[in-house]
Amino acid sequence: MRHHPAPRPLGRRLLLGAGIVAVARPARAAWPDRPVRIVVPFPAGGGVDLTARMLAEAIAPGLGQPVVVENRSGAGGAIGVQAVAQAAPDGHALAMTSPSTVTIGPQLRPSPYDPFALVHVSRICTSPLLLVARRDLPERDLAALIARARANPATLRVANAGVGTVTHLAAELFNQRLGAGRFLHPSYRGTAPALTDVVAGNADLFFSDSSAWAAVEQGQVRLIAVTSAERWPRSPDTPAMQEAVPGLVAMNWYGMAGPPGLPDGIADRLAQMVAEALARPELRSRLEGIGFDAAPLARSAFTAFLRREAETWREVITRGNIRVE
């Protein structure tokens, strides 16, 4: 008696008949599936670090994973950004960026990464530089400063926070727009010592970051102008530099970037989360407390902004023959 095998289920007979073999594949893990690192390429306690910690706290609930801030400083920020540039592009390693790590630093010294190969997820915040003067400087406003610089070159000492910093390049841009040799440029090792010497009267002017605002409010220095394209809402009676020197715009900014190859889906989701966080009054208020304004720009707009910034500083660096020792 012949025994016939039991008939296969219809679905499987159709698959086999068509030459298709079903193979079970593990589902791809949803992102993020572990803590997300935000690398701050500068020491703890500075503006970049404080911004990163505020943002990490704001986006962690939406990610469903802890967001850990890791400080990896050195080489003008290059060490920390390089670590992220070399990380797996899976959205678990991100970097805080700034002019010194994207638009200025890589033009002054050999960079271990291509700043425009990074995926620039979102701009976070911006702040103008504040042109502050010692209290007893005879020139009380921007017009008087410009008149003196033109009539008596190399008599005004414009401090900076270090050769190649945005505070130095802003002063050099001012110098170039008025004519070479109009100012002296004493360099310091950071914002704090530069500002201290202006307060003490040992330097005349300083294109400071927004940390000088406290000294302005306390009457230790006078605010002459700001470098934003328009007047700064925090001090609406203070002129923007380009009201007297067209095109002199120099913004400090912080952003977020991921490694080359970061998937669009992850980058877009991060950009959306950053924008949503920056729309909350409490985070905007906290940023204002350290002198910054929430200014999200997502992906393509942010990258276009960075390319314009890099081109501006490339011209200043080339014309000024600026070198970092």
# chains A, B, ... in the order shown; residues from 1 in each chain; ligands from 1
>>> residues_around(residues="A:Asn252", least_positions_apart="3", cutoff="9 Å", atoms="only C-alpha atoms", output="number ranges by chain")
A: 98-99, 125-129, 166, 209-210, 292
>>> write_last_selection(atoms="N, CA and C atoms", output="JSON list (two decimals), in the first residue's frame")
[["chain", "number", "residue", "atom", "x", "y", "z"],
["A", 98, "SER", "N", 31.07, 74.57, 17.20],
["A", 98, "SER", "CA", 31.17, 76.02, 17.38],
["A", 98, "SER", "C", 32.10, 76.54, 16.30],
["A", 99, "PRO", "N", 32.29, 77.86, 16.18],
["A", 99, "PRO", "CA", 33.19, 78.37, 15.15],
["A", 99, "PRO", "C", 34.59, 77.76, 15.20],
["A", 125, "CYS", "N", 21.94, 77.78, 19.05],
["A", 125, "CYS", "CA", 21.78, 79.14, 19.57],
["A", 125, "CYS", "C", 22.86, 80.04, 18.98],
["A", 126, "THR", "N", 22.64, 81.33, 19.08],
["A", 126, "THR", "CA", 23.59, 82.32, 18.59],
["A", 126, "THR", "C", 23.72, 83.45, 19.60],
["A", 127, "SER", "N", 24.80, 84.19, 19.45],
["A", 127, "SER", "CA", 25.00, 85.38, 20.25],
["A", 127, "SER", "C", 25.93, 86.32, 19.50],
["A", 128, "PRO", "N", 25.65, 87.61, 19.52],
["A", 128, "PRO", "CA", 26.62, 88.53, 18.92],
["A", 128, "PRO", "C", 27.84, 88.66, 19.81],
["A", 129, "LEU", "N", 28.93, 89.13, 19.25],
["A", 129, "LEU", "CA", 30.05, 89.57, 20.07],
["A", 129, "LEU", "C", 29.73, 90.99, 20.55],
["A", 166, "VAL", "N", 37.34, 83.67, 17.44],
["A", 166, "VAL", "CA", 36.39, 84.54, 16.79],
["A", 166, "VAL", "C", 36.53, 85.97, 17.30],
["A", 209, "ASP", "N", 32.78, 87.61, 23.86],
["A", 209, "ASP", "CA", 31.55, 86.84, 23.77],
["A", 209, "ASP", "C", 30.57, 87.40, 24.79],
["A", 210, "SER", "N", 29.40, 86.81, 24.86],
["A", 210, "SER", "CA", 28.33, 87.40, 25.67],
["A", 210, "SER", "C", 28.58, 87.33, 27.16],
["A", 292, "PHE", "N", 22.86, 83.71, 25.35],
["A", 292, "PHE", "CA", 22.57, 83.20, 24.02],
["A", 292, "PHE", "C", 21.08, 83.26, 23.71]]
>>> closest_residue(among="A:Met251, A:Ala149, A:Ala161, A:Leu270", to="A:Phe305", atoms="only C-alpha atoms")
A:Met251
>>> residues_around(residues="A:Ala60", least_positions_apart="2", cutoff="12 Å", atoms="only C-alpha atoms", output="number ranges by chain")
A: 32, 34-38, 52-58, 62-69, 270, 273-274, 277
>>> write_last_selection(atoms="N, CA and C atoms", output="PDB file, in the first residue's frame")
ATOM      1  N   PRO A  32      16.974  55.353  19.654  1.00  0.00           N
ATOM      2  CA  PRO A  32      18.220  54.801  20.184  1.00  0.00           C
ATOM      3  C   PRO A  32      17.946  53.555  21.017  1.00  0.00           C
ATOM      4  N   ARG A  34      20.358  52.492  23.269  1.00  0.00           N
ATOM      5  CA  ARG A  34      21.253  52.621  24.418  1.00  0.00           C
ATOM      6  C   ARG A  34      21.477  54.115  24.657  1.00  0.00           C
ATOM      7  N   PRO A  35      22.177  54.492  25.707  1.00  0.00           N
ATOM      8  CA  PRO A  35      22.387  55.923  25.965  1.00  0.00           C
ATOM      9  C   PRO A  35      23.052  56.641  24.793  1.00  0.00           C
ATOM     10  N   VAL A  36      22.666  57.893  24.609  1.00  0.00           N
ATOM     11  CA  VAL A  36      23.226  58.752  23.569  1.00  0.00           C
ATOM     12  C   VAL A  36      24.273  59.667  24.206  1.00  0.00           C
ATOM     13  N   ARG A  37      25.444  59.754  23.565  1.00  0.00           N
ATOM     14  CA  ARG A  37      26.513  60.622  24.066  1.00  0.00           C
ATOM     15  C   ARG A  37      26.528  61.927  23.285  1.00  0.00           C
ATOM     16  N   ILE A  38      26.622  63.042  23.989  1.00  0.00           N
ATOM     17  CA  ILE A  38      26.908  64.328  23.361  1.00  0.00           C
ATOM     18  C   ILE A  38      28.298  64.728  23.824  1.00  0.00           C
ATOM     19  N   ALA A  52      25.051  72.225  26.147  1.00  0.00           N
ATOM     20  CA  ALA A  52      24.884  70.787  25.913  1.00  0.00           C
ATOM     21  C   ALA A  52      24.080  70.143  27.037  1.00  0.00           C
ATOM     22  N   ARG A  53      24.354  70.527  28.254  1.00  0.00           N
ATOM     23  CA  ARG A  53      23.661  69.913  29.396  1.00  0.00           C
ATOM     24  C   ARG A  53      22.186  70.323  29.437  1.00  0.00           C
ATOM     25  N   MET A  54      21.912  71.574  29.103  1.00  0.00           N
ATOM     26  CA  MET A  54      20.510  72.003  29.017  1.00  0.00           C
ATOM     27  C   MET A  54      19.769  71.211  27.939  1.00  0.00           C
ATOM     28  N   LEU A  55      20.409  71.063  26.787  1.00  0.00           N
ATOM     29  CA  LEU A  55      19.766  70.378  25.674  1.00  0.00           C
ATOM     30  C   LEU A  55      19.592  68.894  25.965  1.00  0.00           C
ATOM     31  N   ALA A  56      20.597  68.280  26.566  1.00  0.00           N
ATOM     32  CA  ALA A  56      20.511  66.859  26.904  1.00  0.00           C
ATOM     33  C   ALA A  56      19.323  66.596  27.815  1.00  0.00           C
ATOM     34  N   GLU A  57      19.147  67.452  28.792  1.00  0.00           N
ATOM     35  CA  GLU A  57      18.020  67.307  29.726  1.00  0.00           C
ATOM     36  C   GLU A  57      16.687  67.468  29.004  1.00  0.00           C
ATOM     37  N   ALA A  58      16.668  68.355  27.997  1.00  0.00           N
ATOM     38  CA  ALA A  58      15.408  68.640  27.304  1.00  0.00           C
ATOM     39  C   ALA A  58      14.996  67.539  26.337  1.00  0.00           C
ATOM     40  N   GLY A  62      12.121  62.469  25.243  1.00  0.00           N
ATOM     41  CA  GLY A  62      11.608  62.084  23.929  1.00  0.00           C
ATOM     42  C   GLY A  62      12.379  60.943  23.301  1.00  0.00           C
ATOM     43  N   LEU A  63      13.654  60.804  23.662  1.00  0.00           N
ATOM     44  CA  LEU A  63      14.459  59.712  23.118  1.00  0.00           C
ATOM     45  C   LEU A  63      14.211  58.394  23.851  1.00  0.00           C
ATOM     46  N   GLY A  64      13.790  58.496  25.105  1.00  0.00           N
ATOM     47  CA  GLY A  64      13.560  57.280  25.884  1.00  0.00           C
ATOM     48  C   GLY A  64      14.840  56.610  26.342  1.00  0.00           C
ATOM     49  N   GLN A  65      15.956  57.315  26.250  1.00  0.00           N
ATOM     50  CA  GLN A  65      17.244  56.821  26.708  1.00  0.00           C
ATOM     51  C   GLN A  65      17.978  57.970  27.395  1.00  0.00           C
ATOM     52  N   PRO A  66      18.890  57.644  28.317  1.00  0.00           N
ATOM     53  CA  PRO A  66      19.688  58.720  28.915  1.00  0.00           C
ATOM     54  C   PRO A  66      20.543  59.420  27.855  1.00  0.00           C
ATOM     55  N   VAL A  67      20.759  60.706  28.037  1.00  0.00           N
ATOM     56  CA  VAL A  67      21.661  61.469  27.178  1.00  0.00           C
ATOM     57  C   VAL A  67      22.814  61.930  28.065  1.00  0.00           C
ATOM     58  N   VAL A  68      24.004  61.439  27.754  1.00  0.00           N
ATOM     59  CA  VAL A  68      25.178  61.655  28.587  1.00  0.00           C
ATOM     60  C   VAL A  68      26.078  62.700  27.935  1.00  0.00           C
ATOM     61  N   VAL A  69      26.478  63.713  28.687  1.00  0.00           N
ATOM     62  CA  VAL A  69      27.400  64.721  28.186  1.00  0.00           C
ATOM     63  C   VAL A  69      28.815  64.328  28.591  1.00  0.00           C
ATOM     64  N   LEU A 270      16.428  64.120  15.200  1.00  0.00           N
ATOM     65  CA  LEU A 270      17.178  64.934  16.156  1.00  0.00           C
ATOM     66  C   LEU A 270      16.915  66.421  15.941  1.00  0.00           C
ATOM     67  N   MET A 273      13.616  67.344  17.323  1.00  0.00           N
ATOM     68  CA  MET A 273      13.612  67.365  18.787  1.00  0.00           C
ATOM     69  C   MET A 273      14.308  68.609  19.328  1.00  0.00           C
ATOM     70  N   VAL A 274      15.396  69.010  18.664  1.00  0.00           N
ATOM     71  CA  VAL A 274      16.094  70.225  19.086  1.00  0.00           C
ATOM     72  C   VAL A 274      15.180  71.433  18.906  1.00  0.00           C
ATOM     73  N   ALA A 277      12.515  71.465  21.550  1.00  0.00           N
ATOM     74  CA  ALA A 277      13.063  71.840  22.853  1.00  0.00           C
ATOM     75  C   ALA A 277      13.307  73.343  22.932  1.00  0.00           C
TER      76      ALA A 277
END
>>> residues_around(residues="A:Leu178", least_positions_apart="6", cutoff="9 Å", atoms="only C-alpha atoms", output="ChimeraX atom specification")
/A:146,149-150,245
>>> residues_around(residues="A:Gly47", least_positions_apart="4", cutoff="9 Å", atoms="only C-alpha atoms", output="PDB file with N, CA and C atoms, in the first residue's frame")
ATOM      1  N   THR A  51      25.310  74.665  27.500  1.00  0.00           N
ATOM      2  CA  THR A  51      24.267  74.495  26.484  1.00  0.00           C
ATOM      3  C   THR A  51      23.985  73.023  26.235  1.00  0.00           C
ATOM      4  N   ALA A  52      25.051  72.225  26.147  1.00  0.00           N
ATOM      5  CA  ALA A  52      24.884  70.787  25.913  1.00  0.00           C
ATOM      6  C   ALA A  52      24.080  70.143  27.037  1.00  0.00           C
ATOM      7  N   SER A 211      29.657  86.653  27.582  1.00  0.00           N
ATOM      8  CA  SER A 211      29.958  86.611  29.019  1.00  0.00           C
ATOM      9  C   SER A 211      30.307  87.999  29.556  1.00  0.00           C
ATOM     10  N   TYR A 254      26.463  77.861  18.578  1.00  0.00           N
ATOM     11  CA  TYR A 254      26.690  76.467  18.944  1.00  0.00           C
ATOM     12  C   TYR A 254      25.749  75.601  18.122  1.00  0.00           C
ATOM     13  N   ILE A 290      22.764  82.663  29.917  1.00  0.00           N
ATOM     14  CA  ILE A 290      24.193  82.595  29.634  1.00  0.00           C
ATOM     15  C   ILE A 290      24.541  83.422  28.389  1.00  0.00           C
ATOM     16  N   GLY A 291      23.609  84.296  27.985  1.00  0.00           N
ATOM     17  CA  GLY A 291      23.900  85.259  26.930  1.00  0.00           C
ATOM     18  C   GLY A 291      23.614  84.800  25.519  1.00  0.00           C
ATOM     19  N   PHE A 292      22.856  83.711  25.350  1.00  0.00           N
ATOM     20  CA  PHE A 292      22.569  83.201  24.018  1.00  0.00           C
ATOM     21  C   PHE A 292      21.077  83.258  23.711  1.00  0.00           C
TER      22      PHE A 292
END
>>> residues_around(residues="A:Gln176", least_positions_apart="6", cutoff="10 Å", atoms="only C-alpha atoms", output="JSON, numbers by chain")
{"A": [170, 182, 183, 316, 319, 320]}
>>> write_last_selection(atoms="C-alpha atoms", output="mmCIF file, in the first residue's frame")
data_model
loop_
_atom_site.group_PDB
_atom_site.id
_atom_site.type_symbol
_atom_site.label_atom_id
_atom_site.label_comp_id
_atom_site.auth_asym_id
_atom_site.auth_seq_id
_atom_site.Cartn_x
_atom_site.Cartn_y
_atom_site.Cartn_z
ATOM 1 C CA ALA A 170 36.186 90.010 14.508
ATOM 2 C CA ARG A 182 44.354 100.787 12.535
ATOM 3 C CA PHE A 183 44.542 98.819 15.796
ATOM 4 C CA VAL A 316 39.821 87.530 6.849
ATOM 5 C CA ARG A 319 44.054 89.007 4.007
ATOM 6 C CA GLY A 320 45.377 89.251 7.541
#
>>> residues_around(residues="A:Gly80", least_positions_apart="4", cutoff="10 Å", atoms="only C-alpha atoms", output="number ranges by chain")
A: 38-42, 70-76, 84-85, 94-97, 101
>>> write_last_selection(atoms="C-alpha atoms", output="PDB file, in the first residue's frame")
ATOM      1  CA  ILE A  38      26.908  64.328  23.361  1.00  0.00           C
ATOM      2  CA  VAL A  39      30.624  65.081  23.221  1.00  0.00           C
ATOM      3  CA  VAL A  40      31.584  68.589  24.301  1.00  0.00           C
ATOM      4  CA  PRO A  41      35.051  69.334  22.893  1.00  0.00           C
ATOM      5  CA  PHE A  42      35.847  71.851  25.648  1.00  0.00           C
ATOM      6  CA  GLU A  70      31.082  63.854  27.840  1.00  0.00           C
ATOM      7  CA  ASN A  71      33.838  66.480  27.942  1.00  0.00           C
ATOM      8  CA  ARG A  72      36.805  65.710  25.662  1.00  0.00           C
ATOM      9  CA  SER A  73      38.841  68.876  25.335  1.00  0.00           C
ATOM     10  CA  GLY A  74      42.112  69.654  23.590  1.00  0.00           C
ATOM     11  CA  ALA A  75      43.563  71.022  20.354  1.00  0.00           C
ATOM     12  CA  GLY A  76      41.050  73.837  20.123  1.00  0.00           C
ATOM     13  CA  VAL A  84      32.598  61.735  17.002  1.00  0.00           C
ATOM     14  CA  ALA A  85      33.729  61.937  13.364  1.00  0.00           C
ATOM     15  CA  LEU A  94      26.978  63.411  18.680  1.00  0.00           C
ATOM     16  CA  ALA A  95      29.183  66.480  18.994  1.00  0.00           C
ATOM     17  CA  MET A  96      28.621  70.043  20.058  1.00  0.00           C
ATOM     18  CA  THR A  97      30.162  72.358  17.471  1.00  0.00           C
ATOM     19  CA  THR A 101      35.660  73.469  15.430  1.00  0.00           C
TER      20      THR A 101
END
>>> atom_distance(atom1="atom CA of A:Arg177", atom2="atom CA of A:Ala212")
24.2 Å
>>> select_by_dssp(residues="stretch 21-239 of chain A", states="strand (DSSP E or B)", output="number ranges by chain")
A: 36-40, 67-71, 93-97, 119-128, 130-134, 156-160, 183-184, 187, 205-208, 221-226
>>> write_last_selection(atoms="C-alpha atoms", output="mmCIF file, in the first residue's frame")
data_model
loop_
_atom_site.group_PDB
_atom_site.id
_atom_site.type_symbol
_atom_site.label_atom_id
_atom_site.label_comp_id
_atom_site.auth_asym_id
_atom_site.auth_seq_id
_atom_site.Cartn_x
_atom_site.Cartn_y
_atom_site.Cartn_z
ATOM 1 C CA VAL A 36 23.226 58.752 23.569
ATOM 2 C CA ARG A 37 26.513 60.622 24.066
ATOM 3 C CA ILE A 38 26.908 64.328 23.361
ATOM 4 C CA VAL A 39 30.624 65.081 23.221
ATOM 5 C CA VAL A 40 31.584 68.589 24.301
ATOM 6 C CA VAL A 67 21.661 61.469 27.178
ATOM 7 C CA VAL A 68 25.178 61.655 28.587
ATOM 8 C CA VAL A 69 27.400 64.721 28.186
ATOM 9 C CA GLU A 70 31.082 63.854 27.840
ATOM 10 C CA ASN A 71 33.838 66.480 27.942
ATOM 11 C CA ALA A 93 27.532 59.711 19.377
ATOM 12 C CA LEU A 94 26.978 63.411 18.680
ATOM 13 C CA ALA A 95 29.183 66.480 18.994
ATOM 14 C CA MET A 96 28.621 70.043 20.058
ATOM 15 C CA THR A 97 30.162 72.358 17.471
ATOM 16 C CA VAL A 119 26.287 65.740 9.368
ATOM 17 C CA HIS A 120 25.324 69.136 10.791
ATOM 18 C CA VAL A 121 22.055 68.271 12.494
ATOM 19 C CA SER A 122 20.969 71.646 13.838
ATOM 20 C CA ARG A 123 22.127 75.045 14.940
ATOM 21 C CA ILE A 124 21.112 75.555 18.549
ATOM 22 C CA CYS A 125 21.783 79.140 19.565
ATOM 23 C CA THR A 126 23.592 82.319 18.593
ATOM 24 C CA SER A 127 24.998 85.383 20.252
ATOM 25 C CA PRO A 128 26.616 88.531 18.919
ATOM 26 C CA LEU A 130 29.995 92.634 22.304
ATOM 27 C CA LEU A 131 32.446 95.430 21.549
ATOM 28 C CA VAL A 132 33.218 96.667 25.058
ATOM 29 C CA ALA A 133 35.508 99.515 26.079
ATOM 30 C CA ARG A 134 37.315 100.503 29.248
ATOM 31 C CA LEU A 156 43.810 101.708 20.206
ATOM 32 C CA ARG A 157 44.528 98.348 21.857
ATOM 33 C CA VAL A 158 41.882 95.786 20.858
ATOM 34 C CA ALA A 159 42.289 92.699 23.059
ATOM 35 C CA ASN A 160 41.384 89.201 21.932
ATOM 36 C CA PHE A 183 44.542 98.819 15.796
ATOM 37 C CA LEU A 184 46.969 96.987 18.051
ATOM 38 C CA SER A 187 46.300 88.469 22.653
ATOM 39 C CA LEU A 205 38.534 97.459 23.537
ATOM 40 C CA PHE A 206 37.484 93.828 23.305
ATOM 41 C CA PHE A 207 35.131 91.960 20.989
ATOM 42 C CA SER A 208 33.968 89.709 23.796
ATOM 43 C CA VAL A 221 32.989 98.293 30.958
ATOM 44 C CA ARG A 222 30.964 100.241 28.402
ATOM 45 C CA LEU A 223 29.117 98.525 25.573
ATOM 46 C CA ILE A 224 29.895 100.318 22.308
ATOM 47 C CA ALA A 225 28.306 98.056 19.677
ATOM 48 C CA VAL A 226 27.246 94.490 18.892
#
>>> closest_residue(among="A:Gly289, A:Pro153, A:Pro115, A:Gly265", to="A:Ala30", atoms="only C-alpha atoms")
A:Gly265
>>> atom_distance(atom1="atom CA of A:Leu278", atom2="atom CA of A:Ala117")
25.6 Å
>>> closest_residue(among="A:Ala250, A:Ala194, A:Met256, A:Ile266", to="A:Leu173", atoms="only C-alpha atoms")
A:Ala250
